[in-house]
Amino acid sequence: MSAVPIASPHAHGGAGVSRIMAKVMLALAPATLYGFWLYGWPAIYLWIVTVLAALLGEATCLRLADQPARPVLLDGSALLTGWLLALSLPPWAPWWLGAVGGLFATIVAKQVFGGLGQNLFNPAMVARVALLISFPVPMTAWVAPLPLTAAGAPGLFDGLLVTLGSATQLDAVSSASLLGHAKAELSRGVDLLHSLGGHPLSLAGYRPGSLGETAGLLIAAGGIAMIVMGVISWHIPAAMLAGIALPAAIGHAVDPARYLDATTHIFSGGALLGAFFIATDYVTSPNTRAGQLLFGLGCGLLTYVIRTWGGYPEGVAFAVLLMNALAPAIDRLLKPRIYGRNRKGAPLPS
Amino acid sequence: MKLLNYFRGEAFQRGVHPPSCKEATAGRPIRRLPFPSRVVVPLSQHIGKTPRPVVRVGQQVVRGEPIAKSDDWLSVPHHAPVTGVVEAIELRPSARGPWIESIVIRSHPGATQEDLWGQPRDIDAMEGAEILQAIWDTGMVGLGGAAFPTHAKLTVPKQAKVHTLVVNGCECEPYLTCDHRVMVEQADDLVRGIRYAMKATGATRAIVGVEDNKPDAVVAIQAAIERDRRPGDDWETGVFVEKVPTKYPQGSEKMLIMALFGFEIPSGQLPVSLGMVVSNVGTLAALGQLLPAGRGLTERVVTVTGPGVARPGDYRVALGTPLAEVLAYAGAPATARQVIMGGPMMGQSAASLDVPVTKGVSGIVVMRHDDMAAVENRRTYPCIKCGECVESCPMGLNPSALGMLAAKREYDLMGSDFHLGDCFECGCCTYVCPSNIPLVQQFRVAKQILREKAAS
């Protein structure tokens, strides 16, 4: 028998990075699978391309840095980044959009900052914003759902042609997302009461949008499952959704012709995906509960402001990035009070 | 201090809930470990000047006889744990690694090992200062693990006044049950020891805090308190037992006072600044047993347990018994790998099995290869700022930020802006870290560096 001296503690709770990532992916899976069904093979191909690009970007950087790539790839964070990015793209987008986005996310937004845990901004959202600014046309080319099982849906091969961008005969019904449509019509002077007649809010997600937008209920269910599993706390999602819903409800009550209602806001665009899966990213959010509430509220309010008064119809990605930049400051501001000290850190009087 | 706070029973903030792992030993009575053929008594077992031997090599000693003494206030005497002959006074391995001067006594095979030293004395007739002297003479130190000399801990500074003795019966470390068994089996000794400590400190009230996973201990102490009830005891004075929520690290005196009274000890101060003195149940029960008999501390109760032990239990072990001998008796197979002295959260793994049981060793937890593989084979990832450590730190520190500063060797900043000095190394942050970062280990290094800087 030999005794090996190791410093305490000798026990560990069992939590692990890859285990956390696996739980997040599990929570994302139902919404993703539903999106795959809704948008068919092109969406599946785009997802694969985006995820592989993200992994490739990570592996390339690690190779350049002379680090073993395999264990880092296995932690699941790059896969998750690619996955989240894919969920935020137009489902029938061409392959190079996903490829550029995936590479950008892990190379520029993550590895350049130093890899896992070092990035200031959410990599998936950095990539999405970069794509949106660089390629505004394909990034806003939404299509109406064409379920895998529907007649006329592109098959295994035709779907590939869509993703490769060379589908000539197959024209999907191009369409606008609800937020885009509302914004466009408002700018033409058509108020919401008239413009939204043909765009009912489908809670089942049967409407144009990204994979992460249409399956709102499944995204929310996955998010709640993560809260139950203890992967995330409720603070950021609740605060972010409140930050969107409260001003929306007030605005809608004041002028329903100009301001969308709260339910539409919550179930449109990236609100739910953002609240449960994007803003809750550990690395780029504050790590105290009070800080998380403030952070989530800021994400929600900024999203509403950008959607309502900004130039873009959707603002979750911008809002999250802006708040990412504030996260270190929030952590500095809202520190827990230390036992036996006051808020300023001075010892309590005896 | 208000009655309201006393009944509130609110726990401290944050903390963790590791599996208790106490089932194997909690229900078993304390058994005596056979006296070993040889004991090793390290002279330095606590802070203060190292006591010097008062016996010579070759000298016969009887169990309980003083073998080392010191006149330093922060040091205590040692007593012979066995009847036998002093075989050597030489360097022997210590738990921390370095070899330190130790007295080796070979026990007489035929000896009864009865305590032959010491005269019964009437402690109730003594004044506070006399009791403190008597405690000093027993060689008592904190048996909870800290091994701080008890007479020094119970001495109230001149300008301070103590009203409450807080008795720590939490035993929040996983695996350990020695305090639990002592509370159940020696409740009368405990209450007697509490009365002595109250008299020594001038406290009018004593509150025993017991985690609510030990209801039998609460019942036993309650019954002992009833038997000991004295005229004048009411709801403000006397001895009480209080349940506190089971949560690690409830047994830290800061957390226990928070749970019992709902207020905090100001940073940098001792409980005495709030009129309180804290002592561990094992220490006071031993005092209740030793003081009236006029004897010294020669043995202690040790929890011997863990997945690598065939016959786990709480054993009454003669001080100086080598770990190897304890483990042989309790049945630790050859697959045993790591031997922790104390509990798994704050205990120290033994560098060698030749190391003896000393006054501060509350438990011996043996892990097998398989148990350790799960912990050791875990990859360390960068900090992902999940905030789990922030949500677990009972002190409200930010281990995540401290860990990143430690990696950058920003030790001064850790101490000044992030109050590293308030960390008492409970290990919660390392326990919850999904990236498996050795946070508390880094903090120990940083503190040591800051201490060295301050000293130079």
# chains A, B, ... in the order shown; residues from 1 in each chain; ligands from 1
$ closest_atom_pairs --of "range 203-266 of chain B" --to "range 422-428 of chain B" --cutoff "9 Å" --atoms "only C-alpha atoms" --output "Markdown table"
| residue | atom | partner | partner_atom | distance |
| --- | --- | --- | --- | --- |
| B:Tyr248 | CA | B:Cys428 | CA | 8.1 |
| B:Pro249 | CA | B:Cys426 | CA | 6.7 |
| B:Ser252 | CA | B:Cys426 | CA | 8.5 |
$ interface_residues --of "chain A" --to "chain B" --cutoff "10 Å" --atoms "only C-alpha atoms" --output "ChimeraX atom specification"
/A:1-20,71-72,75,114-119,231-232,280-289,331,335-342,345-350
$ residues_around --residues "Leu46 in chain A" --least-positions-apart "5" --cutoff "8 Å" --atoms "only C-alpha atoms" --output "PyMOL selection string"
chain A and resi 86+91-95+98+163
$ write_last_selection --atoms "C-alpha atoms" --output "PDB file, in the first residue's frame"
ATOM      1  CA  ALA A  86     -26.558  27.531 -37.350  1.00  0.00           C
ATOM      2  CA  PRO A  91     -32.365  27.813 -42.925  1.00  0.00           C
ATOM      3  CA  TRP A  92     -31.884  27.787 -46.692  1.00  0.00           C
ATOM      4  CA  ALA A  93     -28.798  29.957 -46.663  1.00  0.00           C
ATOM      5  CA  PRO A  94     -25.940  28.913 -48.946  1.00  0.00           C
ATOM      6  CA  TRP A  95     -23.184  26.721 -47.509  1.00  0.00           C
ATOM      7  CA  GLY A  98     -22.395  28.798 -42.587  1.00  0.00           C
ATOM      8  CA  THR A 163     -27.261  24.581 -49.836  1.00  0.00           C
TER       9      THR A 163
END
$ select_by_dssp --residues "range 77-205 of chain B" --states "strand (DSSP E)" --output "list in words"
His78, His79, Gly84, Val85, Val86, Glu87, Ala88, Ile89, Glu90, Leu91, Arg92, Pro93, Trp99, Ile100, Glu101, Ser102, Ile103, Val104, Ile105, Arg106, Ser107, Thr164, Leu165, Val166, Val167, Asn168, Gly169 and Arg205 of chain B
$ atom_distance --atom1 "CA of Arg300 in chain B" --atom2 "CA of Asp115 in chain B"
14.2 Å
$ residues_around --residues "range 125-136 of chain B" --least-positions-apart "5" --cutoff "7 Å" --atoms "only C-alpha atoms" --output "list in words"
Val76, His151, Lys199, Ala200, Thr201 and Leu291 of chain B
$ atom_distance --atom1 "CA of Leu402 in chain B" --atom2 "CA of Thr106 in chain A"
27.0 Å
$ select_by_dssp --residues "range 73-170 of chain A" --states "helix (DSSP H, G or I)" --output "ChimeraX atom specification"
/A:73-74,77-87,95-108,111-113,123-134,136-139,156-164
$ residues_around --residues "range 277-283 of chain B" --least-positions-apart "5" --cutoff "7 Å" --atoms "only C-alpha atoms" --output "VMD selection string"
chain B and resid 142 to 144 154 164 to 169 179 182 190 253 271 to 272
$ closest_residue --among "A:Val162, A:Leu97, A:Met229, A:Leu103" --to "Leu131 in chain A" --atoms "only C-alpha atoms"
A:Leu97
$ atom_distance --atom1 "CA of Pro145 in chain A" --atom2 "CA of Leu38 in chain A"
5.6 Å
$ closest_residue --among "A:Gly212, A:Gly300, A:Gly270, A:Gly165" --to "Pro247 in chain A" --atoms "only C-alpha atoms"
A:Gly300
